[in-house]
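Visitor: Just final_34.tsv, nothing more (TSV, C-alpha atoms):
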chain	number	residue	atom	x	y	z
A	263	MET	CA	77.79	104.77	87.03
A	264	ALA	CA	76.95	104.72	90.71
A	265	THR	CA	78.75	105.49	93.94
A	266	ARG	CA	80.37	102.43	95.54
A	267	CYS	CA	82.23	102.12	98.83
A	268	ILE	CA	85.40	100.18	99.55
A	269	ARG	CA	86.53	99.46	103.11
A	270	GLY	CA	90.08	99.06	104.30
A	271	ALA	CA	92.05	98.77	107.53
A	272	ILE	CA	95.67	98.38	108.62
A	273	THR	CA	97.60	98.40	111.88
A	274	VAL	CA	100.92	100.19	112.25
A	275	GLU	CA	103.86	99.30	114.47
A	276	ALA	CA	104.31	102.71	116.04
A	277	ASP	CA	102.65	106.09	116.33
A	278	ASP	CA	105.20	108.06	114.37
A	279	ARG	CA	104.76	110.03	111.17
A	280	THR	CA	106.77	107.67	108.96
A	281	ALA	CA	105.00	104.49	110.10
A	282	VAL	CA	101.50	105.99	109.94
A	283	LEU	CA	101.94	107.49	106.48
A	284	ALA	CA	103.70	104.42	105.07
A	285	GLY	CA	100.94	102.13	106.35
A	286	THR	CA	98.16	104.37	105.08
A	287	GLU	CA	99.79	104.73	101.67
A	288	ARG	CA	100.22	100.97	101.39
A	289	MET	CA	96.55	100.40	102.22
A	290	LEU	CA	95.36	102.99	99.70
A	291	ARG	CA	97.59	101.62	96.94
A	292	GLU	CA	96.30	98.10	97.54
A	293	ILE	CA	92.69	99.29	97.42
A	294	ILE	CA	93.41	101.04	94.12
A	295	ALA	CA	95.24	98.04	92.67
A	296	GLN	CA	92.82	95.34	93.83
A	297	ASN	CA	89.84	97.24	92.48
A	298	ASN	CA	91.57	98.42	89.29
A	299	ILE	CA	90.45	102.00	89.82
A	300	LYS	CA	91.92	105.34	88.85
A	301	ILE	CA	92.67	108.09	91.35
A	302	GLU	CA	90.28	110.41	89.54
A	303	ASP	CA	87.43	107.92	90.17
A	304	ILE	CA	87.72	108.50	93.92
A	305	SER	CA	85.16	111.02	95.12
A	306	SER	CA	85.83	110.94	98.86
A	307	ILE	CA	87.68	109.10	101.61
A	308	ILE	CA	86.81	108.95	105.29
A	309	PHE	CA	89.72	107.98	107.54
A	310	THR	CA	89.34	106.85	111.12
A	311	ALA	CA	92.17	106.17	113.56
A	312	THR	CA	92.28	104.76	117.06
A	313	ASP	CA	93.01	107.23	119.83
A	314	ASP	CA	96.64	106.05	120.15
A	315	ILE	CA	97.51	107.55	116.75
A	316	LYS	CA	98.27	111.24	117.17
A	317	SER	CA	101.42	111.90	115.15
A	318	VAL	CA	99.86	112.82	111.78
A	319	TYR	CA	96.58	112.86	109.88
A	320	PRO	CA	96.35	109.69	107.71
A	321	ALA	CA	94.88	111.83	104.93
A	322	VAL	CA	98.35	113.30	104.35
A	323	ALA	CA	99.26	109.98	102.70
A	324	ALA	CA	96.39	110.35	100.24
A	325	ARG	CA	97.66	113.73	99.08
A	326	ALA	CA	101.17	112.32	98.76
A	327	ILE	CA	100.07	109.73	96.18
A	328	GLY	CA	98.07	112.19	94.10
A	329	ILE	CA	94.57	112.05	95.59
A	330	VAL	CA	94.12	115.81	95.56
A	331	ASP	CA	90.57	116.38	94.23
A	332	ALA	CA	88.65	113.93	96.43
A	333	ALA	CA	87.06	115.12	99.66
A	334	LEU	CA	89.02	113.79	102.66
A	335	MET	CA	87.95	113.54	106.29
A	336	CYS	CA	89.83	112.27	109.36
A	337	VAL	CA	88.04	111.31	112.57
A	338	GLN	CA	89.05	109.58	115.78
A	339	GLU	CA	87.36	106.31	116.70
A	340	LEU	CA	85.57	105.70	119.95
A	341	TYR	CA	87.70	103.74	122.38
A	342	ILE	CA	86.18	100.34	123.08
A	343	GLU	CA	87.92	98.16	125.65
A	344	GLY	CA	89.70	95.26	123.97
A	345	SER	CA	89.55	96.81	120.49
A	346	LEU	CA	92.42	96.67	118.00
A	347	ARG	CA	95.11	99.29	118.72
A	348	LYS	CA	97.12	101.53	116.37
A	349	CYS	CA	94.59	100.88	113.65
A	350	ILE	CA	93.68	103.06	110.67
A	351	ARG	CA	90.48	102.45	108.73
A	352	VAL	CA	89.20	103.97	105.52
A	353	MET	CA	86.01	104.10	103.53
A	354	VAL	CA	86.77	105.01	99.93
A	355	SER	CA	83.88	106.20	97.74
A	356	ILE	CA	84.27	105.75	93.99
A	357	GLU	CA	82.21	106.08	90.84
A	358	SER	CA	81.93	102.68	89.18
A	359	ASP	CA	79.84	100.53	86.84
A	360	LYS	CA	80.52	97.49	89.06
A	361	ALA	CA	78.09	96.27	91.70
A	362	GLN	CA	78.85	96.92	95.36
A	363	SER	CA	79.30	93.15	95.82
A	364	GLU	CA	82.20	93.24	93.36
A	365	MET	CA	84.26	95.64	95.45
A	366	ASN	CA	87.43	94.20	97.00
A	367	HIS	CA	87.91	95.35	100.57
A	368	VAL	CA	91.45	95.36	101.98
A	369	TYR	CA	92.55	94.34	105.47
A	370	LEU	CA	96.28	94.27	106.24
A	371	GLU	CA	98.66	93.44	109.10
A	372	GLY	CA	96.85	93.06	112.44
A	373	ALA	CA	93.61	94.34	110.90
A	374	LYS	CA	93.24	90.99	109.12
A	375	ALA	CA	91.67	89.72	112.34
A	376	LEU	CA	88.74	92.12	111.83
A	377	ARG	CA	87.52	90.41	108.65
A	378	PRO	CA	89.22	87.04	108.10
A	379	ASP	CA	86.47	86.11	105.62
A	380	ILE	CA	87.39	89.00	103.33
A	381	VAL	CA	91.12	88.35	103.73
A	382	LYS	CA	90.64	84.71	102.72
A	383	LYS	CA	88.46	85.64	99.74
A	384	ASN	CA	91.00	88.12	98.34
A	385	SER	CA	94.21	86.33	99.26
A	386	LYS	CA	96.73	85.05	96.75
A	387	LEU	CA	99.51	82.71	97.83
A	388	ALA	CA	102.76	84.62	98.22
A	389	VAL	CA	106.10	82.94	98.94
A	390	ALA	CA	108.89	85.34	99.92
A	391	ILE	CA	112.49	84.13	99.72
A	392	ASP	CA	115.25	86.42	100.98
A	393	GLY	CA	118.97	85.95	101.40
A	394	PRO	CA	122.42	87.08	100.24
A	395	ALA	CA	123.89	86.56	96.77
A	396	GLY	CA	124.61	82.93	95.93
A	397	SER	CA	122.42	81.39	98.64
A	398	GLY	CA	120.29	79.62	96.01
A	399	LYS	CA	117.23	81.89	96.04
A	400	SER	CA	116.59	82.17	92.32
A	401	THR	CA	117.27	78.52	91.54
A	402	VAL	CA	114.94	77.17	94.21
A	403	ALA	CA	112.28	79.83	93.47
A	404	LYS	CA	112.09	78.63	89.86
A	405	LEU	CA	111.70	75.02	91.00
A	406	LEU	CA	108.94	75.98	93.45
A	407	ALA	CA	107.15	78.04	90.80
A	408	LYS	CA	107.05	75.02	88.50
A	409	LYS	CA	105.99	72.54	91.19
A	410	TYR	CA	103.23	74.67	92.74
A	411	SER	CA	102.07	76.60	89.64
A	412	LEU	CA	103.25	79.95	90.99
A	413	VAL	CA	104.46	82.94	88.99
A	414	TYR	CA	108.18	83.44	89.59
A	415	VAL	CA	109.20	87.07	90.14
A	416	ASP	CA	112.97	87.68	90.11
A	417	THR	CA	113.25	91.05	91.86
A	418	GLY	CA	117.03	91.02	91.55
A	419	ALA	CA	116.61	91.02	87.78
A	420	MET	CA	114.65	94.26	88.05
A	421	TYR	CA	117.47	95.99	89.91
A	422	ARG	CA	119.98	94.54	87.46
A	423	ALA	CA	117.90	95.99	84.60
A	424	VAL	CA	118.07	99.46	86.18
A	425	GLY	CA	121.80	98.94	86.75
A	426	LEU	CA	122.30	97.85	83.14
A	427	TYR	CA	120.44	100.91	81.88
A	428	CYS	CA	122.70	103.17	83.94
A	429	LEU	CA	125.80	101.28	82.80
A	430	GLU	CA	124.92	101.52	79.12
A	431	ASN	CA	123.84	105.15	79.28
A	432	ASN	CA	126.77	106.42	81.37
A	433	ILE	CA	124.58	107.31	84.36
A	434	ASP	CA	126.51	107.67	87.60
A	435	ALA	CA	125.05	104.84	89.72
A	436	ASP	CA	126.59	106.40	92.84
A	437	SER	CA	124.47	109.53	92.34
A	438	ALA	CA	120.93	109.14	93.68
A	439	ASP	CA	119.87	112.33	91.90
A	440	ALA	CA	121.29	111.23	88.55
A	441	VAL	CA	119.55	107.85	88.71
A	442	ALA	CA	116.26	109.31	89.96
A	443	GLN	CA	116.19	111.71	87.00
A	444	VAL	CA	116.18	108.85	84.46
A	445	LEU	CA	113.79	106.49	86.28
A	446	GLU	CA	110.82	107.57	84.17
A	447	ASP	CA	112.78	106.62	81.05
A	448	ILE	CA	113.43	103.06	82.27
A	449	ASP	CA	110.65	100.80	81.03
A	450	ILE	CA	110.94	97.40	82.73
A	451	ARG	CA	108.67	94.55	81.67
A	452	LEU	CA	108.51	90.92	82.80
A	453	GLU	CA	107.20	88.08	80.65
A	454	ASN	CA	106.87	84.36	81.30
A	455	SER	CA	107.85	82.21	78.36
A	456	GLU	CA	107.64	78.42	78.62
A	457	GLY	CA	107.88	78.63	82.39
A	458	MET	CA	110.90	80.95	82.31
A	459	GLN	CA	110.93	84.63	83.22
A	460	ARG	CA	112.27	87.02	80.60
A	461	ILE	CA	113.02	90.65	81.43
A	462	TYR	CA	112.85	93.52	78.98
A	463	LEU	CA	114.10	97.09	78.88
A	464	ALA	CA	111.46	98.61	76.63
A	465	GLU	CA	111.28	96.09	73.76
A	466	ARG	CA	114.79	94.67	74.24
A	467	ASP	CA	115.22	91.30	75.93
A	468	VAL	CA	118.03	91.79	78.48
A	469	THR	CA	117.61	88.50	80.36
A	470	ASP	CA	121.17	87.45	79.58
A	471	ALA	CA	122.74	90.92	79.42
A	472	ILE	CA	121.91	91.66	83.09
A	473	ARG	CA	123.85	88.62	84.32
A	474	THR	CA	127.32	90.15	83.94
A	475	GLN	CA	129.36	90.99	87.02
A	476	LYS	CA	129.39	94.66	86.02
A	477	ALA	CA	125.59	94.72	85.86
A	478	ALA	CA	125.55	93.12	89.34
A	479	GLU	CA	127.83	95.85	90.69
A	480	TYR	CA	125.57	98.56	89.29
A	481	ALA	CA	122.50	96.72	90.61
A	482	SER	CA	123.93	96.77	94.13
A	483	LYS	CA	124.49	100.53	93.86
A	484	VAL	CA	121.08	101.50	92.43
A	485	ALA	CA	119.33	99.18	94.92
A	486	ALA	CA	120.48	101.50	97.71
A	487	ILE	CA	118.67	104.48	96.15
A	488	PRO	CA	115.25	105.12	97.78
A	489	ALA	CA	113.61	106.33	94.55
A	490	VAL	CA	114.61	103.14	92.74
A	491	ARG	CA	113.40	100.89	95.53
A	492	SER	CA	110.11	102.76	95.82
A	493	ALA	CA	109.38	102.41	92.10
A	494	LEU	CA	110.29	98.72	91.88
A	495	VAL	CA	108.61	97.74	95.15
A	496	GLU	CA	105.36	99.22	93.83
A	497	LEU	CA	105.72	97.13	90.67
A	498	GLN	CA	106.53	93.99	92.68
A	499	ARG	CA	103.53	94.41	94.97
A	500	SER	CA	101.20	94.96	92.03
A	501	LEU	CA	102.37	91.65	90.53
A	502	ALA	CA	101.66	89.81	93.80
A	503	GLU	CA	98.19	91.35	94.08
A	504	LYS	CA	97.13	89.89	90.73
A	505	GLN	CA	98.42	86.33	91.03
A	506	SER	CA	100.02	83.78	93.34
A	507	VAL	CA	103.79	84.32	93.30
A	508	VAL	CA	107.12	83.15	94.56
A	509	MET	CA	109.39	86.17	94.84
A	510	ASP	CA	113.05	86.30	95.80
A	511	GLY	CA	115.28	89.19	96.75
A	512	ARG	CA	116.81	90.99	99.73
A	513	ASP	CA	113.79	92.50	101.49
A	514	ILE	CA	110.76	90.61	100.20
A	515	GLY	CA	109.51	89.21	103.49
A	516	SER	CA	110.64	92.18	105.56
A	517	ASN	CA	109.31	94.93	103.30
A	518	VAL	CA	107.86	94.13	99.87
A	519	LEU	CA	105.43	91.34	100.86
A	520	LYS	CA	105.02	91.71	104.60
A	521	ASP	CA	101.83	89.66	104.43
A	522	ALA	CA	103.37	86.73	102.51
A	523	GLN	CA	102.02	83.45	103.82
A	524	VAL	CA	105.43	81.76	103.51
A	525	LYS	CA	108.66	83.59	104.36
A	526	VAL	CA	112.10	82.00	104.07
A	527	TYR	CA	115.60	83.36	104.57
A	528	LEU	CA	118.27	81.32	102.76
A	529	ASP	CA	121.92	81.59	103.75
A	530	ALA	CA	125.18	79.79	103.00
A	531	ALA	CA	128.88	80.16	103.78
A	532	VAL	CA	130.74	82.67	101.60
A	533	GLY	CA	133.09	79.97	100.27
A	534	GLU	CA	130.18	77.80	99.16
A	535	ARG	CA	128.44	80.74	97.49
A	536	ALA	CA	131.63	81.63	95.63
A	537	GLU	CA	132.01	78.01	94.51
A	538	ARG	CA	128.47	78.05	93.12
A	539	ARG	CA	129.15	81.28	91.24
A	540	CYS	CA	132.34	79.87	89.73
A	541	HIS	CA	130.42	76.80	88.62
A	542	GLU	CA	127.77	78.98	86.94
A	543	LEU	CA	130.45	80.91	85.08
A	544	ALA	CA	132.27	77.71	84.10
A	545	GLU	CA	129.07	76.43	82.48
A	546	LYS	CA	129.17	79.56	80.32
A	547	GLY	CA	132.81	78.96	79.41
A	548	ILE	CA	134.14	81.65	81.74
A	549	VAL	CA	137.12	80.89	83.99
A	550	ALA	CA	136.72	82.69	87.33
A	551	ASP	CA	139.07	83.48	90.20
A	552	LYS	CA	137.36	82.06	93.30
A	553	THR	CA	139.27	84.36	95.66
A	554	LYS	CA	138.14	87.41	93.72
A	555	ILE	CA	134.56	86.10	93.61
A	556	GLU	CA	134.60	85.66	97.40
A	557	GLN	CA	135.79	89.24	97.84
A	558	GLU	CA	133.04	90.51	95.53
A	559	ILE	CA	130.39	88.52	97.41
A	560	GLU	CA	131.61	89.82	100.78
A	561	GLN	CA	131.49	93.38	99.48
A	562	ARG	CA	128.00	92.91	98.09
A	563	ASP	CA	126.85	91.41	101.40
A	564	LYS	CA	128.24	94.47	103.17
A	565	ASN	CA	126.47	96.82	100.76
A	566	ASP	CA	123.15	94.96	101.04
A	567	LYS	CA	123.17	94.67	104.84
A	568	ASN	CA	124.28	98.25	105.54
A	569	ARG	CA	122.27	100.27	103.06
A	570	GLN	CA	119.88	102.72	104.72
A	571	CYS	CA	116.89	101.86	102.54
A	572	ASN	CA	115.40	98.42	103.34
A	573	PRO	CA	118.64	96.51	103.97
A	574	LEU	CA	119.04	92.74	103.70
A	575	THR	CA	117.60	91.40	106.94
A	576	VAL	CA	115.70	88.42	108.33
A	577	ALA	CA	111.95	89.04	108.67
A	578	PRO	CA	110.82	88.25	112.25
A	579	ASP	CA	108.49	85.48	111.02
A	580	ALA	CA	110.84	83.98	108.40
A	581	VAL	CA	112.16	80.43	108.53
A	582	ILE	CA	115.98	80.44	108.26
A	583	ILE	CA	117.53	77.69	106.12
A	584	ASP	CA	121.30	77.27	105.80
A	585	THR	CA	121.89	75.76	102.36
A	586	THR	CA	125.66	75.25	102.67
A	587	GLU	CA	125.42	71.46	103.00
A	588	MET	CA	122.13	71.04	101.16
A	589	SER	CA	121.35	70.07	97.58
A	590	ILE	CA	118.96	72.31	95.68
A	591	GLU	CA	116.37	69.50	95.78
A	592	GLU	CA	116.62	69.36	99.56
A	593	VAL	CA	116.09	73.12	99.80
A	594	ARG	CA	113.12	72.88	97.42
A	595	ASP	CA	111.52	70.14	99.50
A	596	ALA	CA	112.08	72.00	102.78
A	597	ILE	CA	110.31	75.10	101.48
A	598	GLY	CA	107.73	72.92	99.74
A	599	LYS	CA	106.66	71.51	103.11
A	600	LEU	CA	106.07	75.05	104.37
A	601	ILE	CA	103.96	75.84	101.30
A	602	GLU	CA	101.92	72.65	101.60
A	603	ASN	CA	101.25	73.23	105.29
A	604	LYS	CA	100.02	76.73	104.48
A	605	ILE	CA	97.81	75.50	101.64
A	606	LYS	CA	96.26	72.86	103.91
A	607	GLY	CA	95.68	75.53	106.55
Written as structure tokens, how would this file's structure read?

Guide:
Amino acid sequence: MATRCIRGAITVEADDRTAVLAGTERMLREIIAQNNIKIEDISSIIFTATDDIKSVYPAVAARAIGIVDAALMCVQELYIEGSLRKCIRVMVSIESDKAQSEMNHVYLEGAKALRPDIVKKNSKLAVAIDGPAGSGKSTVAKLLAKKYSLVYVDTGAMYRAVGLYCLENNIDADSADAVAQVLEDIDIRLENSEGMQRIYLAERDVTDAIRTQKAAEYASKVAAIPAVRSALVELQRSLAEKQSVVMDGRDIGSNVLKDAQVKVYLDAAVGERAERRCHELAEKGIVADKTKIEQEIEQRDKNDKNRQCNPLTVAPDAVIIDTTEMSIEEVRDAIGKLIENKIKG
């Protein structure tokens, strides 16, 4: 083994403790994931920050994620006129059998401009589709995955799986403490079979079981719990780091995959979304009350938009598509044009 160095940089939106630590943690986790290294392999980290970051030492984020034995150093960069502002850089030293040329350096947010060659080399195509329940996210994501050879990641299914676990094990989904205590016992696994995503709780296939209305209600509750979101967001990001993905959910473009090359927000009138849900249930032989479905959708929208932890919102750089009067093929083609334009550069 020999000592190798990995570089990283990220810009943050504001000089406050939360933003600085969140950005630094994200950068460190991506360095660890992209280089497939263990925390214990890290021997030292040197952090530098521009002189407009004064709220907290970036190294605090390293301790928070378990890097406690490595030597850490924080220094302030020289101010050069015209240089990138609110920027944090790192140099991570590890022990590895790989050559230095095999190290994957990580540049995020505004720091991408520093090394566009490295960003291009390491980039995977990520398509983020957000929107409320019934707007057509999952259906169109599956079509796009098939057409463009992307891996489909149904983030809603992950939250439904946590909700189903709580439902079946009598865990109070309204209690953040109760749910957080069982998170380590919830083993969620995704598999792609014949182009379709299957989701497992441990070794049990729950792909169909999570689609009940009760599971959806529990999913909405557990999705508001910070510990649940933190655990699942980490899993979702790790999937996107390894392969090109199309991912749908409530906060994919605004939080989970902030660097996604394509971001879309799908919406539709409540009545249309309720009609689609009734049609889905009818295909399964279930007769639904449209009025009740509308009320449930409105309540879920309220829960998703008003939760404190990463609420349903439109990412600033997302393209908004109202699907009320559109066929699923028309939605697919509209997003497909965005993907093709991005691929062509």

Visitor: Excluding same-chain residues fewer than 3 positions from Gln459 in chain A, what lies within 12 Å of it counting all atoms listed in the file, as a list in words?

Guide: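 Everything that qualifies: Ser400, Ala403, Lys404, Ala407, Lys408, Leu412, Val413, Tyr414, Val415, Asp416, Thr417, Ala419, Met420, Arg451, Leu452, Glu453, Asn454, Ser455, Glu456, Tyr462, Asp467, Val468, Thr469, Asp470 and Met509 of chain A.
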
Visitor: Quick one: everything within 9 Å of Glu292 in chain A, counting only C-alpha atoms, minus sequence neighbours fewer than 3 positions away in the same chain. Send it as JSON, numbers by chain.

Guide: {"A": [287, 288, 289, 295, 296, 297, 368, 499, 500, 503]}

Visitor: What does the distance from CA of Asn298 in chain A to CA of Val424 in chain A come to in Å, to one decimal?

Guide: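 Separation between CA of Asn298 in chain A and CA of Val424 in chain A: 26.7 Å.
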
Visitor: Applying 12 Å and only C-alpha atoms, which residues near Asp278 in chain A remain after dropping the ones on its own chain fewer than 5 positions away? List them as a PyMOL selection string.

Guide: chain A and resi 283-285+314-320+348

Visitor: I'd like the interatomic distance between CA of Lys552 in chain A and CA of Arg512 in chain A, to a tenth of an Å.

Guide: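 Taking CA of Lys552 in chain A as the start and CA of Arg512 in chain A as the end point, the length is 23.3 Å.
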
Visitor: So how many Å separate CA of Ala326 in chain A and CA of Glu496 in chain A, to one decimal?

Guide: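 So the answer is 14.6 Å.
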
Visitor: Env of Glu302 in chain A: 10 Å cut, atoms = all atoms listed in the file, seq-sep filter 5 positions within chain, self excluded. Answer as a compact mmCIF listing (two decimals) with C-alpha atoms, in the coordinates of the input.

Guide:
# COMPACT_ATOMS: atom_id res chain seq x y z
CA GLY A 328 98.07 112.19 94.10
CA ILE A 329 94.57 112.05 95.59
CA VAL A 330 94.12 115.81 95.56
CA ASP A 331 90.57 116.38 94.23
CA ALA A 332 88.65 113.93 96.43
CA ILE A 356 84.27 105.75 93.99
CA GLU A 357 82.21 106.08 90.84

Visitor: Nearest to Lys525 in chain A among A:Gln498, A:Val389, A:Lys476, A:Met458, with distances taken over only C-alpha atoms: which residue is it?

Guide: A:Val389

Visitor: Calculated over all atoms listed in the file, which of the candidates A:Ile307, A:Ile583, A:Cys349, A:Ala333 has the smallest distance to Glu275 in chain A?

Guide: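 Among the listed residues, the smallest separation from Glu275 in chain A belongs to A:Cys349.
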